[in-house]
Amino acid sequence: MSHSGDNHTRSFSSLVVDGMERAPSRAMLHAVGFSNDDFQKPQIGIASTWSMVTPCNMHINQLADAAAQGVNHSDGKAVIFNTITISDGISMGTEGMKYSLVSREVIADSIETVVACQGFDGVVAIGGCDKNMPGCMIAISRLNRPAIFVYGGTIMPGCHNDKKLDVVSVFEAVGARANNKIDDAELAEIEAKAIPGAGSCGGMYTANTMASAIEALGMSLPNSSAQAAISKDKRDDCENAGAAVLELLKKNIKPSDIMTKPAFENAITVIIALGGSTNAVLHMLAMAHAANVDISLDDFTRIGKRVPMLADLKPSGRYQMAELIAIGGIQPLMKTLLDAGLLHGDCLTVTGKTLAENLADVKPYPDGQEMIHDLANPIKKDSHLVVLYGNLAPGGAVAKITGKEGLRFIGTAKVFEAEEQALQSILNGDIIKGDVIVIRYEGPKGGPGMREMLSPTSAIMGKGLGKDVALITDGRFSGGTHGFVVGHITPEAYVGGPLALVENGDTIAIDAENNQLTLHITEQEMAKRLESWQQPAPRYTRGVLAKYARSVNSASLGAVTDSLD
């Protein structure tokens, strides 16, 4: 067998298929469709997250085929392989949701495992639902081979009574039904019409937030974040990614050349300007950890002081991603931020060009659009992602404060040991104005798995209590959550964090101006309560969740499972 082909572009696959002694490997690959010529081409792994588990991913097999076509037409050899997805939207509010954040690690581990084992020279990873994206990016960082991430694309809006719908509309309709604002028939109508087909949830929730962040990071082709799931643009995006990854191979541009600290700062800037999900904080910390880039919670605060929130997008705003696509996606926003000196234009991207070069010919948004505000007229002059510290969160906590809820809340604790108890209490009408709902033992170790509290927060909204109560937790929030909420409280309750010591009737203050989360009891009382506190028995002792609970670190460090500490 000859060693033809550029070995620099085949540094991994050549070890698997070149030479007389590799004949058994080639024999097996003949069976999956390799020709003799293919053995001399760079091999590109296409990581597909296709499954029929969720509408977010149900079309990704077709996108993987398009990416493979792009590779094969550019003198590479594509090999499609699968990894898992779970659905947050479907499992939300159930015990199964504990597997959601775990799936990020399973996806990362599985992509790393296949690519490293099979000797692929490059990677195209295609993700749809929330955890797919950071999972793919963590793997891409660990492997550090030429790679491109492709977003599976957003869903189109549903419609009911001339109002646009998405999945969060259904969660909030449940609260409205519990409050007798709508009847069973209307709830059933909303349920039936909210999700019209393939694609990720339609607002600036976690999927669209992470897709936008990865594009801003330079790891997706321009506009990949802003294309409908079922569209010619999205199919072309996949084909182009297949071709582009071979260009990265030729130029020997690796993810570590692109995913630098300034590039992460660009991504954080865009997340803030878009009013993105609190989950982005967790995922950016995890992606930076995998890339060996020093990003911490405090970088979000530092960048947040100078970057305004500009996008009037759901959940707190009026518009959906499909409507942003119609006016140009996030590229004109990035051009605005670059021109204002808020982005690092010299960062390299997967086009082989810098961010500034990619944005050079981008035209501004059309006149009269109301989705993306001018810098001079922001929705909020600084970040909506507020990192809080204090005696209740010595390791930090993350709040989503768009300004519509106010900037301070002081109230009386109502304590719940799990999400289900809190939801029942809200739906039953036991939560009243001035309450601070405390949901604990939902952290990475304590849950385990750090569930998202979309069911309780949507029930609060549906009950019309959005401005009257607050909710704090060591769990997470869905990108669809809005209202006065604080999550990611660290240290978490399960390891003896102060959240474990809160009692019914305690006064809690949330101050988003001074970035404080305070439990109004004395240090002596805190110490006394800690002395009598006992760690609960682990909820799982075998299987994936038990393994995860043993290996996961703090939410303030990204809840990663491969840390050195």
# chains A, B, ... in the order shown; residues from 1 in each chain; ligands from 1

call {"tool": "residues_around", "arguments": {"residues": "Thr209 of chain A", "least_positions_apart": "5", "cutoff": "10 Å", "atoms": "only C-alpha atoms", "output": "count of residues only"}}
result
18

call {"tool": "residues_around", "arguments": {"residues": "Asp511 of chain A", "least_positions_apart": "4", "cutoff": "8 Å", "atoms": "only C-alpha atoms", "output": "ChimeraX atom specification"}}
result
/A:407-409,515-517

call {"tool": "residues_around", "arguments": {"residues": "Ala360 of chain A", "least_positions_apart": "3", "cutoff": "8 Å", "atoms": "only C-alpha atoms", "output": "PDB file with N, CA and C atoms, in the first residue's frame"}}
result
ATOM      1  N   LYS A 335     -21.146  42.974  13.660  1.00  0.00           N
ATOM      2  CA  LYS A 335     -20.475  44.101  12.966  1.00  0.00           C
ATOM      3  C   LYS A 335     -20.612  45.382  13.795  1.00  0.00           C
ATOM      4  N   ALA A 356     -12.842  40.061  11.866  1.00  0.00           N
ATOM      5  CA  ALA A 356     -13.021  41.355  11.182  1.00  0.00           C
ATOM      6  C   ALA A 356     -13.126  41.153   9.673  1.00  0.00           C
ATOM      7  N   GLU A 357     -12.312  40.259   9.116  1.00  0.00           N
ATOM      8  CA  GLU A 357     -12.380  39.988   7.669  1.00  0.00           C
ATOM      9  C   GLU A 357     -13.724  39.358   7.308  1.00  0.00           C
TER      10      GLU A 357
END

call {"tool": "closest_residue", "arguments": {"among": "A:Gly462, A:Gly558, A:Gly390, A:Pro448", "to": "Gly543 of chain A", "atoms": "only C-alpha atoms"}}
result
A:Pro448

call {"tool": "atom_distance", "arguments": {"atom1": "atom CA of Lys181 of chain A", "atom2": "atom CA of Gly93 of chain A"}}
result
21.9 Å

call {"tool": "closest_residue", "arguments": {"among": "A:Ile195, A:Ala229, A:Ala397, A:Leu143", "to": "Ile60 of chain A", "atoms": "only C-alpha atoms"}}
result
A:Ala229

call {"tool": "residues_around", "arguments": {"residues": "Ile510 of chain A", "least_positions_apart": "6", "cutoff": "12 Å", "atoms": "only C-alpha atoms", "output": "VMD selection string"}}
result
chain A and resid 386 to 393 397 to 401 405 to 413 436 469 to 472 484 to 487 516 to 520

call {"tool": "closest_residue", "arguments": {"among": "A:Lys193, A:His59, A:Lys463, A:Lys131", "to": "Lys234 of chain A", "atoms": "only C-alpha atoms"}}
result
A:His59

call {"tool": "closest_residue", "arguments": {"among": "A:Lys445, A:Gly122, A:Leu343, A:Ala66", "to": "Asp233 of chain A", "atoms": "only C-alpha atoms"}}
result
A:Ala66

call {"tool": "select_by_dssp", "arguments": {"residues": "segment 157-297 of chain A", "states": "strand (DSSP E or B)", "output": "PyMOL selection string"}}
result
chain A and resi 158-160+163-165+200+228

call {"tool": "write_last_selection", "arguments": {"atoms": "all heavy atoms", "output": "PDB file, in the first residue's frame"}}
result
ATOM      1  N   GLY A 158     -44.796  28.137  16.059  1.00  0.00           N
ATOM      2  CA  GLY A 158     -46.179  27.692  15.953  1.00  0.00           C
ATOM      3  C   GLY A 158     -47.092  28.911  15.994  1.00  0.00           C
ATOM      4  O   GLY A 158     -46.627  30.044  16.156  1.00  0.00           O
ATOM      5  N   CYS A 159     -48.382  28.693  15.858  1.00  0.00           N
ATOM      6  CA  CYS A 159     -49.303  29.836  15.857  1.00  0.00           C
ATOM      7  C   CYS A 159     -50.662  29.438  16.438  1.00  0.00           C
ATOM      8  O   CYS A 159     -51.188  28.366  16.127  1.00  0.00           O
ATOM      9  CB  CYS A 159     -49.479  30.349  14.429  1.00  0.00           C
ATOM     10  SG  CYS A 159     -50.438  31.871  14.343  1.00  0.00           S
ATOM     11  N   HIS A 160     -51.193  30.310  17.292  1.00  0.00           N
ATOM     12  CA  HIS A 160     -52.527  30.100  17.869  1.00  0.00           C
ATOM     13  C   HIS A 160     -53.168  31.466  18.080  1.00  0.00           C
ATOM     14  O   HIS A 160     -52.586  32.356  18.715  1.00  0.00           O
ATOM     15  CB  HIS A 160     -52.401  29.360  19.206  1.00  0.00           C
ATOM     16  CG  HIS A 160     -53.691  29.224  19.954  1.00  0.00           C
ATOM     17  ND1 HIS A 160     -54.768  28.515  19.451  1.00  0.00           N
ATOM     18  CD2 HIS A 160     -54.082  29.714  21.168  1.00  0.00           C
ATOM     19  CE1 HIS A 160     -55.758  28.574  20.324  1.00  0.00           C
ATOM     20  NE2 HIS A 160     -55.378  29.294  21.367  1.00  0.00           N
ATOM     21  N   LYS A 163     -51.113  34.452  17.502  1.00  0.00           N
ATOM     22  CA  LYS A 163     -49.947  34.657  18.370  1.00  0.00           C
ATOM     23  C   LYS A 163     -48.932  33.568  18.084  1.00  0.00           C
ATOM     24  O   LYS A 163     -49.283  32.395  17.961  1.00  0.00           O
ATOM     25  CB  LYS A 163     -50.356  34.589  19.855  1.00  0.00           C
ATOM     26  CG  LYS A 163     -50.904  35.908  20.390  1.00  0.00           C
ATOM     27  CD  LYS A 163     -51.269  35.812  21.849  1.00  0.00           C
ATOM     28  CE  LYS A 163     -50.019  35.721  22.733  1.00  0.00           C
ATOM     29  NZ  LYS A 163     -50.387  35.740  24.184  1.00  0.00           N
ATOM     30  N   LYS A 164     -47.658  33.969  17.990  1.00  0.00           N
ATOM     31  CA  LYS A 164     -46.601  32.985  17.741  1.00  0.00           C
ATOM     32  C   LYS A 164     -46.361  32.167  19.002  1.00  0.00           C
ATOM     33  O   LYS A 164     -46.366  32.707  20.108  1.00  0.00           O
ATOM     34  CB  LYS A 164     -45.302  33.692  17.320  1.00  0.00           C
ATOM     35  CG  LYS A 164     -45.395  34.291  15.932  1.00  0.00           C
ATOM     36  CD  LYS A 164     -44.066  34.846  15.469  1.00  0.00           C
ATOM     37  CE  LYS A 164     -44.132  35.237  14.005  1.00  0.00           C
ATOM     38  NZ  LYS A 164     -44.984  36.378  13.763  1.00  0.00           N
ATOM     39  N   LEU A 165     -46.119  30.874  18.804  1.00  0.00           N
ATOM     40  CA  LEU A 165     -45.920  29.957  19.921  1.00  0.00           C
ATOM     41  C   LEU A 165     -44.555  29.283  19.844  1.00  0.00           C
ATOM     42  O   LEU A 165     -43.979  29.146  18.762  1.00  0.00           O
ATOM     43  CB  LEU A 165     -46.971  28.841  19.895  1.00  0.00           C
ATOM     44  CG  LEU A 165     -48.444  29.191  19.995  1.00  0.00           C
ATOM     45  CD1 LEU A 165     -49.282  27.926  19.870  1.00  0.00           C
ATOM     46  CD2 LEU A 165     -48.744  29.875  21.324  1.00  0.00           C
ATOM     47  N   SER A 200     -34.513  23.410  16.745  1.00  0.00           N
ATOM     48  CA  SER A 200     -34.348  23.678  18.177  1.00  0.00           C
ATOM     49  C   SER A 200     -35.297  24.781  18.630  1.00  0.00           C
ATOM     50  O   SER A 200     -35.717  25.618  17.829  1.00  0.00           O
ATOM     51  CB  SER A 200     -32.908  24.092  18.462  1.00  0.00           C
ATOM     52  OG  SER A 200     -32.036  23.041  18.112  1.00  0.00           O
ATOM     53  N   ALA A 228     -32.805  28.461   9.531  1.00  0.00           N
ATOM     54  CA  ALA A 228     -33.856  27.531   9.954  1.00  0.00           C
ATOM     55  C   ALA A 228     -33.401  26.095   9.732  1.00  0.00           C
ATOM     56  O   ALA A 228     -32.654  25.800   8.795  1.00  0.00           O
ATOM     57  CB  ALA A 228     -35.132  27.813   9.177  1.00  0.00           C
TER      58      ALA A 228
END

call {"tool": "atom_distance", "arguments": {"atom1": "atom CA of Leu342 of chain A", "atom2": "atom CA of Leu324 of chain A"}}
result
21.0 Å

call {"tool": "select_by_dssp", "arguments": {"residues": "segment 8-116 of chain A", "states": "helix (DSSP H, G or I)", "output": "MDAnalysis selection string"}}
result
chainID A and resid 8:10 13:17 20:31 37:40 60:72 88:91 95:116

call {"tool": "residues_around", "arguments": {"residues": "Asn240 of chain A", "least_positions_apart": "3", "cutoff": "8 Å", "atoms": "only C-alpha atoms", "output": "PyMOL selection string"}}
result
chain A and resi 67+70+236-237+243-244

call {"tool": "write_last_selection", "arguments": {"atoms": "C-alpha atoms", "output": "short mmCIF file (atom, residue, chain, number, x, y, z; two decimals), in the first residue's frame"}}
result
data_model
loop_
_atom_site.label_atom_id
_atom_site.label_comp_id
_atom_site.auth_asym_id
_atom_site.auth_seq_id
_atom_site.Cartn_x
_atom_site.Cartn_y
_atom_site.Cartn_z
CA ALA A 67 -21.69 17.55 5.41
CA GLY A 70 -19.08 18.45 1.19
CA ASP A 236 -25.55 24.50 2.23
CA ASP A 237 -24.00 25.38 5.61
CA ALA A 243 -15.34 21.46 2.41
CA ALA A 244 -14.02 24.05 4.89
#

call {"tool": "residues_around", "arguments": {"residues": "Gly480 of chain A", "least_positions_apart": "6", "cutoff": "7 Å", "atoms": "only C-alpha atoms", "output": "list in words"}}
result
Val168, Tyr205 and Pro315 of chain A

call {"tool": "write_last_selection", "arguments": {"atoms": "N, CA and C atoms", "output": "mmCIF file, in the first residue's frame"}}
result
data_model
loop_
_atom_site.group_PDB
_atom_site.id
_atom_site.type_symbol
_atom_site.label_atom_id
_atom_site.label_comp_id
_atom_site.auth_asym_id
_atom_site.auth_seq_id
_atom_site.Cartn_x
_atom_site.Cartn_y
_atom_site.Cartn_z
ATOM 1 N N VAL A 168 -41.999 27.138 25.271
ATOM 2 C CA VAL A 168 -42.209 27.837 26.543
ATOM 3 C C VAL A 168 -43.659 28.314 26.663
ATOM 4 N N TYR A 205 -33.202 30.863 23.637
ATOM 5 C CA TYR A 205 -33.039 29.912 24.724
ATOM 6 C C TYR A 205 -31.639 29.305 24.603
ATOM 7 N N PRO A 315 -36.861 34.649 25.886
ATOM 8 C CA PRO A 315 -38.102 34.598 26.646
ATOM 9 C C PRO A 315 -38.564 35.938 27.232
#
